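Student: If it helps, the file is called final23.cif and holds mmCIF, C-alpha atoms:
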```
data_query
loop_
_atom_site.label_atom_id
_atom_site.label_comp_id
_atom_site.auth_asym_id
_atom_site.auth_seq_id
_atom_site.Cartn_x
_atom_site.Cartn_y
_atom_site.Cartn_z
CA MET A 933 51.97 35.91 11.90
CA ARG A 934 48.46 37.06 11.14
CA ALA A 935 49.36 38.23 7.66
CA LYS A 936 50.41 34.71 6.61
CA GLN A 937 47.10 33.09 7.70
CA ARG A 938 44.64 35.38 5.88
CA GLY A 939 44.46 33.31 2.66
CA ALA A 940 44.38 29.90 4.37
CA THR A 941 40.75 30.22 5.50
CA LEU A 942 39.60 31.01 1.99
CA LEU A 943 41.57 28.13 0.54
CA VAL A 944 40.22 25.63 3.10
CA GLY A 945 36.67 26.91 2.53
CA LEU A 946 36.96 26.46 -1.26
CA ILE A 947 38.33 22.93 -0.85
CA MET A 948 35.42 22.04 1.45
CA LEU A 949 32.90 23.44 -1.07
CA VAL A 950 34.45 21.38 -3.87
CA LEU A 951 34.30 18.24 -1.72
CA LEU A 952 30.64 18.86 -0.79
CA THR A 953 29.78 19.46 -4.47
CA LEU A 954 31.46 16.19 -5.48
CA LEU A 955 29.58 14.37 -2.72
CA ALA A 956 26.24 15.82 -3.89
CA VAL A 957 26.91 14.92 -7.54
CA SER A 958 27.85 11.36 -6.54
CA ALA A 959 24.65 10.99 -4.51
CA ILE A 960 22.55 12.16 -7.46
CA ASN A 961 24.28 9.71 -9.81
CA ILE A 962 23.79 6.80 -7.42
CA SER A 963 20.10 7.59 -6.95
CA THR A 964 19.58 7.82 -10.73
CA VAL A 965 21.21 4.42 -11.25
CA ASN A 966 19.07 2.92 -8.47
CA LEU A 967 15.94 4.37 -10.09
CA HIS A 968 16.84 2.73 -13.42
CA ILE A 969 17.49 -0.61 -11.72
CA THR A 970 14.15 -0.46 -9.92
CA GLY A 971 12.32 0.40 -13.15
CA ASN A 972 13.94 -2.54 -14.95
CA ILE A 973 13.02 -4.93 -12.16
CA GLN A 974 9.43 -3.68 -12.20
CA ALA A 975 9.19 -4.18 -15.98
CA GLN A 976 10.60 -7.72 -15.62
CA VAL A 977 8.06 -8.58 -12.90
CA GLU A 978 5.19 -7.16 -15.00
CA ALA A 979 6.29 -9.23 -18.01
CA ALA A 980 6.46 -12.40 -15.87
CA ALA A 981 2.98 -11.66 -14.51
CA ALA A 982 1.62 -11.24 -18.05
CA VAL A 983 3.15 -14.59 -19.06
CA GLN A 984 1.80 -16.31 -15.95
CA GLN A 985 -1.68 -14.89 -16.62
CA GLU A 986 -1.72 -16.41 -20.10
CA ILE A 987 -0.38 -19.76 -18.86
CA GLU A 988 -3.14 -19.89 -16.24
CA GLY A 989 -5.67 -19.23 -19.00
CA ILE A 990 -4.29 -22.20 -20.98
CA ILE A 991 -4.35 -24.47 -17.93
CA ASP A 992 -7.93 -23.44 -17.16
CA ASN A 993 -9.26 -24.94 -20.43
CA ILE A 994 -9.06 -28.76 -20.62
CA ASN A 995 -9.49 -28.62 -24.42
CA ASN A 996 -5.94 -27.26 -24.67
CA PHE A 997 -4.79 -30.71 -23.51
CA ASN A 998 -7.38 -32.96 -25.19
CA ASN A 999 -6.60 -31.53 -28.62
CA PRO A 1000 -3.58 -29.16 -28.48
CA GLN A 1001 -3.71 -26.42 -31.12
CA PRO A 1002 -1.36 -23.52 -31.92
CA ILE A 1003 -2.11 -20.45 -29.79
CA ALA A 1004 -2.06 -16.95 -31.29
CA PRO A 1005 0.01 -14.26 -29.53
CA LYS A 1006 -1.96 -11.87 -27.32
CA SER A 1007 -1.41 -8.37 -26.03
CA VAL A 1008 -1.47 -8.06 -22.25
CA GLY A 1009 -0.88 -4.47 -21.18
CA ASN A 1010 2.30 -3.28 -22.89
CA TYR A 1011 3.49 -6.83 -23.54
CA THR A 1012 3.04 -9.25 -26.42
CA VAL A 1013 2.67 -12.73 -24.95
CA ALA A 1014 3.35 -15.77 -27.14
CA VAL A 1015 2.34 -19.18 -25.76
CA GLN A 1016 3.63 -22.32 -27.46
CA THR A 1017 1.35 -25.28 -28.06
CA PRO A 1018 1.35 -27.43 -24.89
CA VAL A 1019 3.60 -30.48 -25.25
CA CYS A 1020 2.84 -33.78 -23.54
CA LEU A 1021 6.02 -35.15 -22.01
CA TYR A 1022 4.73 -38.50 -20.75
CA ALA A 1023 1.68 -40.33 -19.46
CA ILE A 1024 1.32 -42.77 -16.57
CA PRO A 1025 -1.75 -45.03 -16.55
CA LEU A 1026 -3.51 -45.06 -13.22
CA LYS A 1027 -4.28 -48.31 -11.47
CA LYS A 1028 -7.36 -50.29 -12.42
CA GLY A 1029 -10.41 -49.66 -10.30
CA TYR A 1030 -9.95 -45.91 -10.47
CA SER A 1031 -13.64 -45.15 -10.91
CA TYR A 1032 -16.91 -47.03 -11.31
CA SER A 1033 -18.48 -44.21 -13.33
CA VAL A 1034 -16.14 -44.37 -16.36
CA SER A 1035 -15.34 -47.39 -18.49
CA TYR A 1036 -11.69 -46.47 -19.06
CA VAL A 1037 -8.73 -45.94 -16.77
CA PRO A 1038 -7.45 -42.37 -17.15
CA GLU A 1039 -3.81 -41.46 -17.56
CA GLU A 1040 -1.92 -38.92 -15.50
CA THR A 1041 -0.28 -36.85 -18.22
CA THR A 1042 2.54 -34.36 -17.68
CA TRP A 1043 2.65 -31.33 -19.98
CA ASP A 1044 5.17 -28.57 -20.62
CA ILE A 1045 3.84 -25.10 -21.40
CA GLN A 1046 6.28 -22.47 -22.67
CA ALA A 1047 5.42 -18.80 -22.94
CA SER A 1048 7.31 -15.56 -23.46
CA ALA A 1049 6.53 -11.86 -23.20
CA THR A 1050 8.26 -8.97 -24.92
CA ASP A 1051 7.87 -5.22 -24.72
CA SER A 1052 9.53 -3.78 -27.78
CA GLN A 1053 7.90 -0.35 -27.44
CA THR A 1054 9.17 1.11 -24.16
CA THR A 1055 11.45 -1.01 -21.99
CA GLY A 1056 12.68 -3.74 -24.35
CA VAL A 1057 12.13 -6.31 -21.60
CA SER A 1058 11.75 -9.95 -22.55
CA THR A 1059 11.03 -12.96 -20.36
CA ALA A 1060 10.24 -16.64 -20.85
CA ILE A 1061 8.62 -19.14 -18.51
CA HIS A 1062 8.29 -22.94 -18.62
CA GLN A 1063 5.55 -24.46 -16.51
CA GLY A 1064 4.76 -28.10 -15.97
CA VAL A 1065 1.23 -29.32 -15.45
CA ARG A 1066 -0.31 -32.68 -14.65
CA VAL A 1067 -3.71 -33.45 -16.12
CA LEU A 1068 -5.92 -36.54 -15.89
CA LEU A 1069 -6.99 -37.45 -19.42
CA PRO A 1070 -8.50 -40.44 -21.23
CA PRO A 1071 -5.91 -42.92 -22.57
CA GLY A 1072 -4.14 -42.05 -25.80
CA LYS A 1073 -4.21 -38.26 -25.47
CA CYS A 1074 -0.45 -38.07 -24.96
CA PRO A 1075 1.41 -38.98 -28.15
#
```
Take the structure from the file and write it as structure tokens.
Tutor:
Amino acid sequence: MRAKQRGATLLVGLIMLVLLTLLAVSAINISTVNLHITGNIQAQVEAAAAVQQEIEGIIDNINNFNNPQPIAPKSVGNYTVAVQTPVCLYAIPLKKGYSYSVSYVPEETTWDIQASATDSQTTGVSTAIHQGVRVLLPPGKCP
């Protein structure tokens, strides 16, 4: 009886080693895929932050709404950010008696700002953001 069982231990041991090797290779592949996914998400978030930074810069300057002009693309970190000229969507005149210090009644204007960021050098990530903004302006500034 003992003579028949001598090779079974070796065979079971080899099968177990193959299974453990397959398990280890699968774990390495899964962790590599997860690392790539995390890197892509990080690049997307960085691109969105670069776009948002430029949009905030546009919003910060009232002249971008009084007299909208084309805006040149800028480099922010690894990203090239292109901001479109702000577009006035509509204007709502405020009620009379708004202020005693100005002779006109301002309009509450609603603007659309579009911007996009691309990174063609390393990650190839691209993102676009639309942001709406309301600005009080003198009448006639919204075509």
Student: Would you translate the PyMOL selection byres ((chain A and resi 995-1011) around 7) into the concrete set of residues it matches in this file, as a PyMOL selection string?
Tutor: chain A and resi 979+982+990+993-994+1012-1018+1049-1051+1073
Student: Deliver the residues from the most recent selection as a file, using C-alpha atoms, as an mmCIF file, in the coordinates of the input.
Tutor:
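Now in again.cif:
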```cif
data_model
loop_
_atom_site.group_PDB
_atom_site.id
_atom_site.type_symbol
_atom_site.label_atom_id
_atom_site.label_comp_id
_atom_site.auth_asym_id
_atom_site.auth_seq_id
_atom_site.Cartn_x
_atom_site.Cartn_y
_atom_site.Cartn_z
ATOM 1 C CA ALA A 979 6.290 -9.230 -18.010
ATOM 2 C CA ALA A 982 1.620 -11.240 -18.050
ATOM 3 C CA ILE A 990 -4.290 -22.200 -20.980
ATOM 4 C CA ASN A 993 -9.260 -24.940 -20.430
ATOM 5 C CA ILE A 994 -9.060 -28.760 -20.620
ATOM 6 C CA THR A 1012 3.040 -9.250 -26.420
ATOM 7 C CA VAL A 1013 2.670 -12.730 -24.950
ATOM 8 C CA ALA A 1014 3.350 -15.770 -27.140
ATOM 9 C CA VAL A 1015 2.340 -19.180 -25.760
ATOM 10 C CA GLN A 1016 3.630 -22.320 -27.460
ATOM 11 C CA THR A 1017 1.350 -25.280 -28.060
ATOM 12 C CA PRO A 1018 1.350 -27.430 -24.890
ATOM 13 C CA ALA A 1049 6.530 -11.860 -23.200
ATOM 14 C CA THR A 1050 8.260 -8.970 -24.920
ATOM 15 C CA ASP A 1051 7.870 -5.220 -24.720
ATOM 16 C CA LYS A 1073 -4.210 -38.260 -25.470
#
```
Student: What is the atom CA of Gly971 of chain A to atom CA of His1062 of chain A distance in Å?
Tutor: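 Computing the Euclidean distance for atom CA of Gly971 of chain A and atom CA of His1062 of chain A yields 24.3 Å.
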Student: Using all atoms listed in the file, what residues lie at most 9 Å away from (0.9, -28.5, -15.0) (file coordinates), given as a short mmCIF file (atom, residue, chain, number, x, y, z; two decimals) with C-alpha atoms, in the frame of the given file?
Tutor:
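And here's part.cif as it stands now:
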```cif
data_model
loop_
_atom_site.label_atom_id
_atom_site.label_comp_id
_atom_site.auth_asym_id
_atom_site.auth_seq_id
_atom_site.Cartn_x
_atom_site.Cartn_y
_atom_site.Cartn_z
CA ILE A 991 -4.35 -24.47 -17.93
CA THR A 1042 2.54 -34.36 -17.68
CA TRP A 1043 2.65 -31.33 -19.98
CA ASP A 1044 5.17 -28.57 -20.62
CA ILE A 1045 3.84 -25.10 -21.40
CA GLN A 1063 5.55 -24.46 -16.51
CA GLY A 1064 4.76 -28.10 -15.97
CA VAL A 1065 1.23 -29.32 -15.45
CA ARG A 1066 -0.31 -32.68 -14.65
CA VAL A 1067 -3.71 -33.45 -16.12
#
```
Student: Translate the PyMOL selection byres ((chain A and resi 976) around 12) into a concrete residue list for this structure, as a list of chain:residue names.
Tutor: A:Ile969, A:Thr970, A:Gly971, A:Asn972, A:Ile973, A:Gln974, A:Ala975, A:Val977, A:Glu978, A:Ala979, A:Ala980, A:Ala981, A:Ala982, A:Val983, A:Asn1010, A:Tyr1011, A:Ser1048, A:Ala1049, A:Thr1050, A:Asp1051, A:Thr1055, A:Gly1056, A:Val1057, A:Ser1058, A:Thr1059, A:Ala1060, A:Ile1061
Student: Give me, please, the distance in Å between atom CA of Leu1021 of chain A and atom CA of Glu986 of chain A, quoted to one decimal.
Tutor: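 Between these atoms lies a distance of 20.4 Å.
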Student: So what do you get for atom CA of Leu946 of chain A versus atom CA of Thr964 of chain A, distance-wise?
Tutor: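 These atoms are spaced 27.2 Å apart.
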Student: List the residues matched by the PyMOL selection byres ((chain A and resi 1038) around 7) in the displayed structure as a VMD selection string, ordered by chain and then by residue number.
Tutor: chain A and resid 1025 to 1026 1036 to 1037 1039 to 1040 1068 to 1071
